[in-house]
Amino acid sequence: MSTPIVRRSPTHRATVTATVGLTPRMRRITVATEAMRGVSLRPAQDVELHLREESGRRVKRRYTIARARPDLGELDLDVLLHGDGPGSRWGATAAPGDEAEFQGPRGKLELRPAPWHLLAGDESALPAIAAILRALPADEPAHAFVEVTDATDEVAEPVTWLHRRDAPPGGPDVLEPALSTFPLPAGDGRAYLMGETRAMVALRAVLEARGVAHDSIFVKGYWNLGRPDRLANRPPR
Ligand SMILES: Cc1cc2nc3c(=O)[nH]c(=O)nc-3n(C[C@H](O)[C@H](O)[C@H](O)COP(=O)(O)OP(=O)(O)OC[C@H]3O[C@@H](n4cnc5c(N)ncnc54)[C@H](O)[C@@H]3O)c2cc1C
C-alpha cells in the first residue's frame with residue numbers, strides 16, 4: 001500500500017516590528033518576514049499563529065490579516081484582548097523584536113458579485129469585516145453590523161455598532177434584531193456571518209427565514225463559547 005502524501009503549509013518565521021493599541025481591548029501587532037514580501041492576498045485571509053499555552057503545550061490560533069504591506073513583507077494582525085487564552089495573551093504582551101511563527105496565509109472566501117452585501121459579526125471578526133468592505137466594488141452596496149461591548153471598542157470603520165453592554169459575548173441576541181429588521185434591498189444579495197460559532201449558525205436561520213438563499217450566506221465560526229477551538233488547539237505540525 002502506498003503511503004499517503006501529507007502536504008503541510010510551510011511555517012514562516014517573522015519578527016514583531018510594531019504594536020499599537022487600537023482600543024483598550026484591541027491591539028494591532030505588526031509582523032514582518034521575507035516570506036510575505038510580494039505575497040498576493042485575498043480579502044480577510046488569515047494566518048495560523050504558533051503559540052504556547054501556559055503549560056508550554058504548543059497550539060495554533062487564527063488571526064485575520066487586517067492590512068498588509070507586501071512591499072515590506074508586513075502583516076497587521078488586530079488581536080482582541082478578551083481574556084486569558086494564548087492568543088489574547090500574545091496580543092497583550094507582544095513587543096517589537098519578538099519572534100513569531102505562523103502558517104498561511106489561508107482562507108477561501110471569494111467575493112462574488114451581488115446586488116447587495118450584508119455583513120455581521122462580533123469584534124473578533126471586525127478585521128475581516130473591514131477588509132471585505134474595503135474590497136467590495138463601490139457599486140455594490142454593503143452594510144455591516146458589528147457587536148462590541150460598548151463605544152470604547154469602536155474604531156473608525158464604516159459599520160453600524162451594536163452594544164452588548166453587560167450581556168456576555170457569544171450569543172445571537174444583540175445582532176438578531178438588526179438582522180431581522182434591516183430592510184433587505186431587492187435581488188439576491190450575499191450575507192457574511194462571522195463570530196461565535198453557534199451564534200452565527202442561529203443568525204443564518206434568521207436570514208434564511210427572510211428569504212436569503214442558504215448558499216448566499218457565508219458562515220464562519222471564529223471562536224467557541226466556553227472552550228478553545230478543538231482544531232486550533234491541536235499542536236502545530
Ligand atoms: C479565520 C479566523 C480569523 C480570525 N481572526 C481574528 C482576528 O483578526 N482578531 C481576533 O481577535 N480574533 C480572530 N479570530 C478569533 C480567534 O482565533 C479566537 O477568538 C481564539 O479563540 C482566540 O484564542 P485565545 O487563545 O485568546 O482564546 P482560547 O484559548 O481559544 O479560548 C479561551 C476562552 O476564551 C473564550 N474566547 C475565545 N475567543 C473569544 C472572543 N473573541 N470573545 C470572547 N471570548 C472568547 C473561549 O470561549 C474560551 O472560553 C479569528 C478566528 C478565525 C477562525
# chains A, B, ... in the order shown; residues from 1 in each chain; ligands from 1
call {"tool": "residues_near_ligand", "arguments": {"ligand": "ligand 1", "cutoff": "7 Å", "atoms": "only C-alpha atoms and all ligand atoms", "output": "number ranges by chain"}}
result
A: 46, 61-66, 77-89, 107, 123-125, 127-128, 169-170, 221-229
call {"tool": "select_by_dssp", "arguments": {"residues": "segment 3-236 of chain A", "states": "alpha helix (DSSP H)", "output": "ChimeraX atom specification"}}
result
/A:86-93,126-135,176-181,197-209
call {"tool": "residues_around", "arguments": {"residues": "segment 164-168 of chain A", "least_positions_apart": "2", "cutoff": "10 Å", "atoms": "only C-alpha atoms", "output": "PyMOL selection string"}}
result
chain A and resi 147-151+161-162+170-171+173-175
call {"tool": "write_last_selection", "arguments": {"atoms": "N, CA and C atoms", "output": "compact mmCIF listing (two decimals), in the first residue's frame"}}
result
# COMPACT_ATOMS: atom_id res chain seq x y z
N GLU A 147 -21.04 43.69 16.57
CA GLU A 147 -21.36 43.70 18.01
C GLU A 147 -20.08 43.90 18.82
N VAL A 148 -20.13 44.87 19.73
CA VAL A 148 -19.00 45.14 20.62
C VAL A 148 -19.54 45.36 22.04
N THR A 149 -18.64 45.51 22.99
CA THR A 149 -19.12 45.73 24.37
C THR A 149 -19.81 47.09 24.48
N ASP A 150 -19.10 48.13 24.09
CA ASP A 150 -19.66 49.48 24.18
C ASP A 150 -18.82 50.40 23.28
N ALA A 151 -19.02 51.69 23.40
CA ALA A 151 -18.36 52.63 22.48
C ALA A 151 -16.83 52.59 22.60
N TRP A 161 -22.47 50.00 14.81
CA TRP A 161 -22.04 49.34 16.06
C TRP A 161 -23.26 48.98 16.89
N LEU A 162 -23.25 47.78 17.45
CA LEU A 162 -24.30 47.34 18.36
C LEU A 162 -23.65 46.99 19.69
N GLY A 170 -20.96 36.24 22.73
CA GLY A 170 -21.07 34.88 22.20
C GLY A 170 -22.48 34.40 21.93
N GLY A 171 -23.49 35.25 22.15
CA GLY A 171 -24.87 34.86 21.83
C GLY A 171 -25.37 35.61 20.60
N ASP A 173 -28.26 37.31 20.46
CA ASP A 173 -29.35 38.23 20.79
C ASP A 173 -29.11 39.69 20.41
N VAL A 174 -27.86 40.12 20.35
CA VAL A 174 -27.59 41.53 20.03
C VAL A 174 -27.72 41.77 18.53
N LEU A 175 -27.24 40.83 17.73
CA LEU A 175 -27.30 41.00 16.27
C LEU A 175 -28.68 40.62 15.71
call {"tool": "select_by_dssp", "arguments": {"residues": "segment 37-67 of chain A", "states": "strand (DSSP E or B)", "output": "NGL selection string"}}
result
:A and (46-52 or 58-67)
call {"tool": "write_last_selection", "arguments": {"atoms": "C-alpha atoms", "output": "compact mmCIF listing (two decimals), in the first residue's frame"}}
result
# COMPACT_ATOMS: atom_id res chain seq x y z
CA ASP A 46 -5.71 34.81 7.96
CA VAL A 47 -2.62 33.27 9.45
CA GLU A 48 -2.30 30.45 11.98
CA LEU A 49 -0.01 31.69 14.72
CA HIS A 50 2.01 29.13 16.66
CA LEU A 51 1.65 29.92 20.34
CA ARG A 52 2.05 28.20 23.68
CA ARG A 58 2.07 24.29 21.54
CA VAL A 59 -1.23 25.44 19.99
CA LYS A 60 -2.37 27.46 16.98
CA ARG A 61 -4.63 30.49 16.88
CA ARG A 62 -6.00 32.14 13.73
CA TYR A 63 -5.83 35.90 13.13
CA THR A 64 -7.06 37.84 10.11
CA ILE A 65 -4.60 39.85 8.07
CA ALA A 66 -6.19 43.22 8.79
CA ARG A 67 -3.79 45.08 6.50
call {"tool": "atom_distance", "arguments": {"atom1": "atom CA of Val206 of chain A", "atom2": "atom CA of Phe145 of chain A"}}
result
14.5 Å
call {"tool": "residues_around", "arguments": {"residues": "Asp71 of chain A", "least_positions_apart": "3", "cutoff": "10 Å", "atoms": "only C-alpha atoms", "output": "JSON, numbers by chain"}}
result
{"A": [34, 36, 37, 38, 39, 68, 74]}
call {"tool": "atom_distance", "arguments": {"atom1": "atom CA of Arg112 of chain A", "atom2": "atom CA of Leu207 of chain A"}}
result
18.3 Å
call {"tool": "atom_distance", "arguments": {"atom1": "atom CA of Pro172 of chain A", "atom2": "atom CA of Val146 of chain A"}}
result
11.8 Å
call {"tool": "closest_residue", "arguments": {"among": "A:Ser216, A:Val16, A:His143, A:Ala44", "to": "Arg106 of chain A", "atoms": "only C-alpha atoms"}}
result
A:Ala44
call {"tool": "residues_around", "arguments": {"residues": "segment 135-140 of chain A", "least_positions_apart": "5", "cutoff": "10 Å", "atoms": "only C-alpha atoms", "output": "list of chain:residue names"}}
result
A:Arg42, A:Pro43, A:Ala44, A:Leu111, A:Arg112, A:Pro113, A:Ala114, A:Pro115, A:Trp116, A:His117, A:Ile129, A:Ala130, A:Gly189
call {"tool": "residues_around", "arguments": {"residues": "Glu208 of chain A", "least_positions_apart": "6", "cutoff": "12 Å", "atoms": "only C-alpha atoms", "output": "list in words"}}
result
Leu179, Ser180, Asp188, Gly189, Arg190, Ala191, Val201, Ala202, His214, Asp215, Ser216, Ile217 and Phe218 of chain A
call {"tool": "write_last_selection", "arguments": {"atoms": "N, CA and C atoms", "output": "compact mmCIF listing (two decimals), in the first residue's frame"}}
result
# COMPACT_ATOMS: atom_id res chain seq x y z
N LEU A 179 -30.62 42.01 12.22
CA LEU A 179 -30.74 41.19 11.01
C LEU A 179 -32.20 40.88 10.69
N SER A 180 -33.05 40.90 11.70
CA SER A 180 -34.48 40.64 11.47
C SER A 180 -35.18 41.81 10.81
N ASP A 188 -30.91 39.08 -5.27
CA ASP A 188 -30.29 38.01 -4.49
C ASP A 188 -28.95 38.47 -3.95
N GLY A 189 -28.99 39.05 -2.74
CA GLY A 189 -27.76 39.55 -2.14
C GLY A 189 -26.99 38.45 -1.43
N ARG A 190 -25.85 38.84 -0.89
CA ARG A 190 -24.98 37.89 -0.17
C ARG A 190 -24.82 38.34 1.27
N ALA A 191 -24.78 37.39 2.17
CA ALA A 191 -24.57 37.71 3.58
C ALA A 191 -23.33 36.98 4.10
N VAL A 201 -24.57 30.42 13.47
CA VAL A 201 -25.48 29.43 12.88
C VAL A 201 -26.93 29.84 13.16
N ALA A 202 -27.19 30.34 14.38
CA ALA A 202 -28.55 30.80 14.71
C ALA A 202 -28.94 31.99 13.85
N HIS A 214 -29.77 29.89 1.24
CA HIS A 214 -28.76 29.21 2.08
C HIS A 214 -27.36 29.40 1.49
N ASP A 215 -27.25 29.16 0.19
CA ASP A 215 -25.93 29.22 -0.45
C ASP A 215 -25.40 30.64 -0.60
N SER A 216 -26.24 31.63 -0.33
CA SER A 216 -25.78 33.01 -0.42
C SER A 216 -25.29 33.54 0.92
N ILE A 217 -25.28 32.66 1.93
CA ILE A 217 -24.84 33.09 3.27
C ILE A 217 -23.54 32.38 3.61
N PHE A 218 -22.48 33.17 3.78
CA PHE A 218 -21.18 32.65 4.20
C PHE A 218 -21.14 32.70 5.73
call {"tool": "closest_residue", "arguments": {"among": "A:Pro105, A:Ala144, A:Val31, A:Gln45", "to": "Arg69 of chain A", "atoms": "only C-alpha atoms"}}
result
A:Val31
